[in-house]
$ cat coords00.cif   # mmCIF, C-alpha atoms
data_data
loop_
_atom_site.label_atom_id
_atom_site.label_comp_id
_atom_site.auth_asym_id
_atom_site.auth_seq_id
_atom_site.Cartn_x
_atom_site.Cartn_y
_atom_site.Cartn_z
CA MET A 270 -27.26 -29.02 15.23
CA GLU A 271 -25.39 -32.29 15.07
CA THR A 272 -25.31 -34.70 17.93
CA SER A 273 -22.45 -36.95 18.83
CA SER A 274 -22.21 -39.86 21.22
CA ASN A 275 -19.55 -39.64 23.89
CA ASN A 276 -17.56 -42.50 25.31
CA PRO A 277 -17.50 -41.86 29.12
CA SER A 278 -13.85 -42.84 29.55
CA THR A 279 -12.86 -40.69 26.57
CA SER A 280 -14.80 -37.77 28.05
CA ARG A 281 -12.96 -38.08 31.35
CA LYS A 282 -9.59 -38.10 29.57
CA ARG A 283 -10.51 -35.09 27.49
CA SER A 284 -11.69 -33.13 30.53
CA ARG A 285 -8.43 -33.71 32.38
CA SER A 286 -6.32 -32.67 29.40
CA GLU A 287 -8.48 -29.62 28.70
CA ASP A 288 -8.19 -28.40 32.29
CA ASN A 289 -4.40 -28.12 31.96
CA SER A 290 -4.21 -26.62 28.48
CA ALA A 291 -4.33 -22.86 29.01
CA PRO A 292 -4.72 -20.29 31.78
CA GLU A 293 -8.21 -19.31 32.75
CA SER A 294 -9.45 -15.89 31.74
CA HIS A 295 -10.05 -13.03 34.14
CA GLU A 296 -13.37 -12.73 32.30
CA SER A 297 -14.41 -16.22 33.38
CA ASN A 298 -16.30 -14.82 36.37
CA GLN A 299 -18.56 -12.71 34.18
CA SER A 300 -22.23 -13.27 34.93
CA TYR A 301 -23.23 -14.72 31.57
CA SER A 302 -22.45 -18.06 29.98
CA LEU A 303 -21.85 -18.12 26.24
CA GLU A 304 -23.70 -21.44 26.03
CA ASP A 305 -26.84 -19.73 27.39
CA ASN A 306 -26.39 -16.64 25.19
CA LEU A 307 -25.24 -18.08 21.89
CA ILE A 308 -28.38 -17.78 19.74
CA PHE A 309 -30.77 -14.82 19.50
CA SER A 310 -34.07 -14.56 17.63
CA ASP A 311 -33.57 -11.00 16.45
CA THR A 312 -30.64 -9.14 14.85
CA MET A 313 -31.09 -5.96 16.90
CA ILE A 314 -31.23 -7.91 20.18
CA ALA A 315 -28.05 -9.77 19.19
CA LEU A 316 -26.30 -6.48 18.33
CA GLN A 317 -27.29 -4.87 21.63
CA MET A 318 -26.21 -7.90 23.66
CA MET A 319 -22.83 -8.17 21.96
CA ARG A 320 -22.31 -4.42 22.28
CA ALA A 321 -22.95 -4.73 26.04
CA GLN A 322 -20.58 -7.73 26.25
CA PHE A 323 -17.75 -6.09 24.28
CA PRO A 324 -14.55 -6.67 26.27
CA ARG A 325 -12.83 -3.82 28.09
CA ILE A 326 -9.43 -3.28 26.50
CA ASP A 327 -6.50 -1.86 28.47
CA LYS A 328 -4.59 1.14 27.08
CA VAL A 329 -6.81 1.50 24.00
CA SER A 330 -9.93 3.67 23.76
CA VAL A 331 -12.25 1.68 21.52
CA GLU A 332 -16.01 1.94 21.37
CA PRO A 333 -17.79 -1.44 21.04
CA PHE A 334 -17.95 -3.01 17.59
CA ILE A 335 -19.45 -6.28 16.39
CA LEU A 336 -18.18 -8.48 13.58
CA GLN A 337 -20.68 -9.49 10.93
CA SER A 338 -19.47 -13.08 11.34
CA GLN A 339 -20.49 -12.89 15.01
CA LEU A 340 -24.04 -12.03 13.98
CA TYR A 341 -24.11 -15.03 11.65
CA SER A 342 -23.26 -17.29 14.60
CA SER A 343 -25.88 -15.64 16.81
CA VAL A 344 -28.94 -15.46 14.54
CA LYS A 345 -29.77 -18.66 12.65
CA ASP A 346 -31.25 -17.05 9.52
CA ARG A 347 -28.44 -15.31 7.59
CA THR A 348 -30.91 -13.86 5.08
CA GLN A 349 -32.75 -12.25 7.98
CA VAL A 350 -29.47 -10.84 9.33
CA ASP A 351 -28.51 -9.33 5.96
CA ARG A 352 -31.97 -7.84 5.46
CA GLU A 353 -32.14 -6.32 8.94
CA LEU A 354 -28.55 -5.02 8.73
CA GLU A 355 -29.34 -3.28 5.47
CA SER A 356 -32.37 -1.65 7.09
CA LEU A 357 -30.39 -0.53 10.16
CA ARG A 358 -27.64 0.86 7.90
CA ARG A 359 -30.08 2.88 5.80
CA GLU A 360 -31.80 4.18 8.93
CA LYS A 361 -28.34 5.32 10.14
CA VAL A 362 -28.62 3.30 13.33
CA LEU A 363 -25.23 1.73 12.61
CA ARG A 364 -22.39 1.78 10.10
CA VAL A 365 -20.67 -1.11 8.35
CA PHE A 366 -16.88 -1.05 7.90
CA LYS A 367 -14.69 -3.24 5.71
CA LEU A 368 -11.74 -4.54 7.75
CA ASN A 369 -8.25 -5.40 6.48
CA THR A 370 -8.12 -8.59 8.57
CA GLY A 371 -9.78 -10.79 5.93
CA GLN A 372 -11.54 -10.65 2.59
CA ASP A 373 -15.02 -11.01 4.10
CA ASP A 374 -14.41 -9.23 7.42
CA HIS A 375 -16.84 -6.43 8.25
CA ALA A 376 -17.30 -4.58 11.53
CA LEU A 377 -20.58 -3.05 12.69
CA MET A 378 -20.66 -0.05 14.99
CA PHE A 379 -23.66 1.83 16.30
CA MET A 380 -23.68 5.37 14.90
CA GLU A 381 -23.48 7.02 18.33
CA ASP A 382 -20.44 4.90 19.20
CA TYR A 383 -18.78 5.68 15.87
CA LEU A 384 -19.28 9.43 16.35
CA LYS A 385 -17.65 9.17 19.80
CA GLN A 386 -14.72 7.26 18.30
CA MET A 387 -14.43 9.79 15.49
CA LYS A 388 -14.48 12.82 17.80
CA ARG A 389 -11.75 11.22 19.92
CA ALA A 390 -9.58 10.72 16.83
CA VAL A 391 -10.22 14.29 15.63
CA LYS A 392 -9.29 15.72 19.03
CA SER A 393 -6.06 13.71 18.99
CA MET A 394 -5.22 14.89 15.47
CA GLU A 395 -5.94 18.53 16.27
CA THR A 396 -3.80 18.32 19.40
CA LYS A 397 -0.96 16.86 17.35
CA LYS A 398 -1.31 19.46 14.60
CA GLN A 399 -1.96 22.28 17.11
CA GLY A 400 -5.02 23.62 15.34
CA ALA A 401 -8.68 23.05 14.46
CA PHE A 402 -9.63 21.86 10.98
CA ALA A 403 -13.02 22.56 9.41
CA VAL A 404 -12.82 19.45 7.23
CA PHE A 405 -13.60 17.18 10.19
CA GLU A 406 -16.88 19.01 10.83
CA TRP A 407 -17.71 18.93 7.11
CA PHE A 408 -16.98 15.19 7.10
CA GLU A 409 -19.38 14.51 9.98
CA VAL A 410 -22.18 16.81 8.83
CA HIS A 411 -22.13 16.35 5.07
CA VAL A 412 -20.53 12.93 4.48
CA ILE A 413 -21.21 10.58 7.41
CA HIS A 414 -24.90 11.42 7.70
CA SER A 415 -25.62 11.30 3.98
CA LYS A 416 -23.45 8.36 2.87
CA PRO A 417 -24.35 5.14 4.76
CA GLU A 418 -22.44 2.84 2.37
CA PRO A 419 -19.04 1.38 3.43
CA CYS A 420 -17.13 3.20 0.67
CA ILE A 421 -17.14 6.46 -1.28
CA GLY A 422 -15.59 7.69 -4.53
CA HIS A 423 -13.12 10.58 -4.69
CA GLN A 424 -15.42 12.86 -6.68
CA GLU A 425 -18.43 12.24 -4.45
CA LEU A 426 -16.30 12.81 -1.34
CA PHE A 427 -15.04 16.13 -2.74
CA SER A 428 -18.58 17.13 -3.72
CA LEU A 429 -20.07 16.40 -0.28
CA LEU A 430 -17.21 18.07 1.61
CA SER A 431 -17.61 21.12 -0.65
CA LEU A 432 -21.03 21.70 0.91
CA GLY A 433 -19.07 22.89 3.94
CA GLY A 434 -16.41 24.98 2.22
CA LYS A 435 -13.49 24.99 -0.20
CA VAL A 436 -11.81 21.57 -0.19
CA LYS A 437 -8.07 21.05 -0.73
CA ASP A 438 -6.12 17.83 -1.31
CA GLU A 439 -4.58 18.31 2.14
CA ASP A 440 -8.06 17.96 3.65
CA ILE A 441 -8.38 14.44 2.26
CA SER A 442 -4.93 13.63 3.65
CA LEU A 443 -6.08 14.84 7.08
CA LEU A 444 -9.07 12.50 6.98
CA ILE A 445 -6.80 9.58 6.01
CA ASN A 446 -4.18 10.42 8.67
CA ALA A 447 -6.91 10.64 11.32
CA GLY A 448 -7.94 7.08 10.42
CA LEU A 449 -11.38 8.05 9.10
CA LEU A 450 -10.71 6.91 5.54
CA THR A 451 -8.46 4.34 3.89
CA ARG A 452 -7.69 4.31 0.19
CA GLN A 453 -8.72 1.16 -1.65
CA LEU A 454 -5.80 -0.81 -3.07
CA ILE A 455 -7.46 -1.88 -6.31
CA GLU A 456 -9.30 1.37 -7.10
CA SER A 457 -7.24 4.36 -5.96
CA GLU A 458 -10.17 6.73 -6.58
CA MET A 459 -12.25 4.88 -3.96
CA TYR A 460 -12.04 5.09 -0.17
CA TRP A 461 -13.27 2.82 2.61
CA PHE A 462 -14.77 4.51 5.65
CA ALA A 463 -12.75 3.34 8.66
CA ILE A 464 -12.92 3.10 12.44
CA PRO A 465 -10.01 5.19 13.73
CA ASN A 466 -7.47 3.99 16.30
CA ILE A 467 -8.26 0.27 16.21
CA GLY A 468 -5.10 -0.96 14.48
CA SER A 469 -3.76 -2.74 17.57
CA VAL A 470 -7.15 -4.34 18.22
CA LEU A 471 -7.34 -5.66 14.64
CA LYS A 472 -3.83 -7.08 15.01
CA GLY A 473 -5.04 -8.85 18.14
CA LEU A 474 -8.11 -10.11 16.26
CA THR A 475 -5.91 -11.81 13.68
CA GLN A 476 -3.52 -13.27 16.27
CA GLY A 477 -6.35 -14.38 18.55
CA ARG A 478 -8.02 -16.30 15.73
CA LYS A 479 -4.78 -18.20 15.07
CA GLU A 480 -4.16 -18.84 18.76
CA LEU A 481 -7.66 -20.21 19.40
CA LEU A 482 -7.58 -22.47 16.34
CA SER A 483 -4.11 -23.68 17.34
CA LEU A 484 -5.35 -24.47 20.86
CA LEU A 485 -8.16 -26.62 19.48
CA ASN A 486 -6.07 -28.22 16.75
CA ARG A 487 -3.65 -29.51 19.40
CA LYS A 488 -6.47 -31.53 20.98
CA LYS A 489 -6.73 -35.17 19.95
CA TYR A 490 -10.27 -34.68 18.66
CA LYS A 491 -9.81 -30.98 17.81
CA GLU A 492 -12.63 -30.09 20.19
CA MET A 493 -13.36 -28.84 23.72
CA MET A 494 -16.39 -28.39 25.91
CA LEU A 495 -17.62 -24.81 25.50
CA ALA A 496 -18.05 -24.40 29.26
CA ILE A 497 -14.32 -25.10 29.73
CA LEU A 498 -13.09 -23.30 26.62
CA GLU A 499 -14.85 -20.01 27.34
CA LYS A 500 -12.92 -19.69 30.61
CA LYS A 501 -9.55 -19.67 28.85
CA ARG A 502 -7.53 -16.52 28.28
CA LEU A 503 -5.75 -15.82 25.01
CA ARG A 504 -2.22 -14.46 25.33
CA LEU A 505 -2.03 -12.69 21.96
CA SER A 506 -5.36 -10.86 21.80
CA PRO A 507 -6.85 -8.06 23.90
CA LEU A 508 -10.29 -9.40 22.91
CA ASP A 509 -11.78 -12.11 25.11
CA ILE A 510 -12.20 -15.69 23.96
CA ARG A 511 -15.98 -15.35 23.66
CA PHE A 512 -15.50 -12.60 21.07
CA HIS A 513 -13.28 -14.93 19.04
CA LEU A 514 -15.57 -17.93 19.46
CA ARG A 515 -18.57 -16.08 18.03
CA ASP A 516 -16.39 -14.86 15.14
CA LEU A 517 -14.97 -18.28 14.23
CA LEU A 518 -18.35 -20.00 14.57
CA GLY A 519 -19.93 -17.46 12.24
CA SER A 520 -17.13 -17.68 9.68
CA GLY A 521 -17.42 -21.48 9.57
CA HIS A 522 -14.00 -22.30 11.06
CA LEU A 523 -15.65 -23.83 14.13
CA LYS A 524 -18.93 -25.61 14.76
CA THR A 525 -21.00 -26.57 17.80
CA ILE A 526 -22.05 -30.11 18.64
CA GLN A 527 -24.73 -30.81 21.25
CA THR A 528 -23.79 -33.60 23.67
CA PRO A 529 -25.40 -34.85 26.90
CA SER A 530 -22.69 -32.94 28.80
CA GLY A 531 -23.29 -29.67 26.98
CA LEU A 532 -22.07 -27.89 23.84
CA VAL A 533 -18.77 -28.95 22.29
CA ILE A 534 -16.75 -26.63 20.03
CA ARG A 535 -14.99 -28.45 17.20
CA VAL A 536 -12.68 -27.33 14.41
CA VAL A 537 -14.25 -27.68 10.96
CA LYS A 538 -12.05 -29.73 8.66
CA ASN A 539 -10.92 -27.96 5.48
#
$ encode --input "coords00.cif" --output "structure tokens"
Amino acid sequence: METSSNNPSTSRKRSRSEDNSAPESHESNQSYSLEDNLIFSDTMIALQMMRAQFPRIDKVSVEPFILQSQLYSSVKDRTQVDRELESLRREKVLRVFKLNTGQDDHALMFMEDYLKQMKRAVKSMETKKQGAFAVFEWFEVHVIHSKPEPCIGHQELFSLLSLGGKVKDEDISLLINAGLLTRQLIESEMYWFAIPNIGSVLKGLTQGRKELLSLLNRKKYKEMMLAILEKKRLRLSPLDIRFHLRDLLGSGHLKTIQTPSGLVIRVVKN
């Protein structure tokens, strides 16, 4: 990491201005400090820690998910992360999902959490439609457990679902309406697997990124002490600031600088 020398008088001025910049988060009394839990030696340990630290979100039932960018900020060796993620995906420990929040945005969800999220969405759909639909069981048994990739073609989807019974076009529409699949924009015959019922959370992810970057960009030096910053609360995102910090560090929008006073978070110039 880089080091930077601090002018004491400048540091005092920055601290005073930072203290008045934004309300403190309700999460600020959590037992862990991001500065002490920023880097992990192992991908699986990082995944389990971030799963445990996933923020509780009011009014939305969402199982924990981790952004791939967050892993990149938490494990120094990106090649190691990619290799271990591929292994975990093939072993069906977790699934990888392409998100619509950015070109390179991918979410990771442990398989058991995804199945809980899926069952919740299916129950909601069946309540709405006032009936049970066999296609959801076929999807779980024949598609989810045999297709670990993030996307699937129309013909392969039909073929796998057909192992359960006769498939109709309406069955595919049910899967899309339940939020389990999204059709790719460029190739209409391809579908992304999706995490159902997280639309509002993804909206908050996008808004929270902008809000956090705006907060830092308003600072004279476009930086803040991590110990102060992680206690702030974002107004536009249901996700806590630590979630966003890991994301923006991993995507390269922010960087850390070690100083005698502790870690500083600074905006990376374009």
$ resolve_selection --input "coords00.cif" --expression "the PyMOL selection byres ((chain A and resi 302-315) around 9)" --output "PyMOL selection string"
chain A and resi 297+299-301+316-320+340+342-346+349-350+353-354+357+495-496+499+511+515+531-532
$ resolve_selection --input "coords00.cif" --expression "the PyMOL selection byres ((chain A and resi 519) around 10)" --output "compact mmCIF listing (two decimals) with C-alpha atoms, keeping the file's coordinate frame"
# COMPACT_ATOMS: atom_id res chain seq x y z
CA LEU A 336 -18.18 -8.48 13.58
CA GLN A 337 -20.68 -9.49 10.93
CA SER A 338 -19.47 -13.08 11.34
CA GLN A 339 -20.49 -12.89 15.01
CA LEU A 340 -24.04 -12.03 13.98
CA TYR A 341 -24.11 -15.03 11.65
CA SER A 342 -23.26 -17.29 14.60
CA SER A 343 -25.88 -15.64 16.81
CA VAL A 344 -28.94 -15.46 14.54
CA LYS A 345 -29.77 -18.66 12.65
CA ARG A 347 -28.44 -15.31 7.59
CA HIS A 513 -13.28 -14.93 19.04
CA LEU A 514 -15.57 -17.93 19.46
CA ARG A 515 -18.57 -16.08 18.03
CA ASP A 516 -16.39 -14.86 15.14
CA LEU A 517 -14.97 -18.28 14.23
CA LEU A 518 -18.35 -20.00 14.57
CA SER A 520 -17.13 -17.68 9.68
CA GLY A 521 -17.42 -21.48 9.57
CA HIS A 522 -14.00 -22.30 11.06
CA LEU A 523 -15.65 -23.83 14.13
CA LYS A 524 -18.93 -25.61 14.76
$ closest_atom_pairs --input "coords00.cif" --of "stretch 289-398 of chain A" --to "stretch 415-435 of chain A" --cutoff "12 Å" --atoms "all atoms listed in the file" --output "JSON lines"
{"residue": "A:Leu354", "atom": "CA", "partner": "A:Pro417", "partner_atom": "CA", "distance": 11.7}
{"residue": "A:Glu355", "atom": "CA", "partner": "A:Glu418", "partner_atom": "CA", "distance": 9.7}
{"residue": "A:Ser356", "atom": "CA", "partner": "A:Pro417", "partner_atom": "CA", "distance": 10.8}
{"residue": "A:Leu357", "atom": "CA", "partner": "A:Pro417", "partner_atom": "CA", "distance": 9.9}
{"residue": "A:Arg358", "atom": "CA", "partner": "A:Pro417", "partner_atom": "CA", "distance": 6.2}
{"residue": "A:Arg359", "atom": "CA", "partner": "A:Pro417", "partner_atom": "CA", "distance": 6.2}
{"residue": "A:Glu360", "atom": "CA", "partner": "A:Pro417", "partner_atom": "CA", "distance": 8.6}
{"residue": "A:Lys361", "atom": "CA", "partner": "A:Pro417", "partner_atom": "CA", "distance": 6.7}
{"residue": "A:Val362", "atom": "CA", "partner": "A:Pro417", "partner_atom": "CA", "distance": 9.8}
{"residue": "A:Leu363", "atom": "CA", "partner": "A:Pro417", "partner_atom": "CA", "distance": 8.6}
{"residue": "A:Arg364", "atom": "CA", "partner": "A:Pro417", "partner_atom": "CA", "distance": 6.6}
{"residue": "A:Val365", "atom": "CA", "partner": "A:Pro419", "partner_atom": "CA", "distance": 5.8}
{"residue": "A:Phe366", "atom": "CA", "partner": "A:Pro419", "partner_atom": "CA", "distance": 5.5}
{"residue": "A:Lys367", "atom": "CA", "partner": "A:Pro419", "partner_atom": "CA", "distance": 6.7}
{"residue": "A:Leu368", "atom": "CA", "partner": "A:Pro419", "partner_atom": "CA", "distance": 10.3}
{"residue": "A:His375", "atom": "CA", "partner": "A:Pro419", "partner_atom": "CA", "distance": 9.4}
{"residue": "A:Ala376", "atom": "CA", "partner": "A:Pro419", "partner_atom": "CA", "distance": 10.2}
{"residue": "A:Leu377", "atom": "CA", "partner": "A:Pro419", "partner_atom": "CA", "distance": 10.4}
{"residue": "A:Met378", "atom": "CA", "partner": "A:Pro419", "partner_atom": "CA", "distance": 11.8}
{"residue": "A:Met380", "atom": "CA", "partner": "A:Pro417", "partner_atom": "CA", "distance": 10.2}
$ atom_distance --input "coords00.cif" --atom1 "atom CA of A:Ile510" --atom2 "atom CA of A:Gly371"
18.8 Å
$ resolve_selection --input "coords00.cif" --expression "the PyMOL selection byres ((chain A and resi 485) around 10)" --output "list in words"
Glu287, Ser290, Glu480, Leu481, Leu482, Ser483, Leu484, Asn486, Arg487, Lys488, Lys489, Tyr490, Lys491, Glu492, Met493, Leu498, Leu523, Ile534, Arg535 and Val536 of chain A
$ atom_distance --input "coords00.cif" --atom1 "atom CA of A:Ser530" --atom2 "atom CA of A:Met494"
8.3 Å
$ atom_distance --input "coords00.cif" --atom1 "atom CA of A:Phe408" --atom2 "atom CA of A:Glu439"
13.7 Å
$ closest_residue --input "coords00.cif" --among "A:Leu443, A:Ile335, A:Leu471, A:Leu503" --to "A:Lys398" --atoms "all atoms listed in the file"
A:Leu443
$ closest_atom_pairs --input "coords00.cif" --of "stretch 377-480 of chain A" --to "stretch 325-333 of chain A" --cutoff "7 Å" --atoms "only C-alpha atoms" --output "CSV"
residue,atom,partner,partner_atom,distance
A:Met378,CA,A:Pro333,CA,6.8
A:Asp382,CA,A:Glu332,CA,5.8
A:Gln386,CA,A:Glu332,CA,6.3
A:Ile467,CA,A:Val331,CA,6.8
$ residues_around --input "coords00.cif" --residues "A:Leu444" --least-positions-apart "5" --cutoff "8 Å" --atoms "all atoms listed in the file" --output "list in words"
Val404, Phe405, Leu449 and Leu450 of chain A
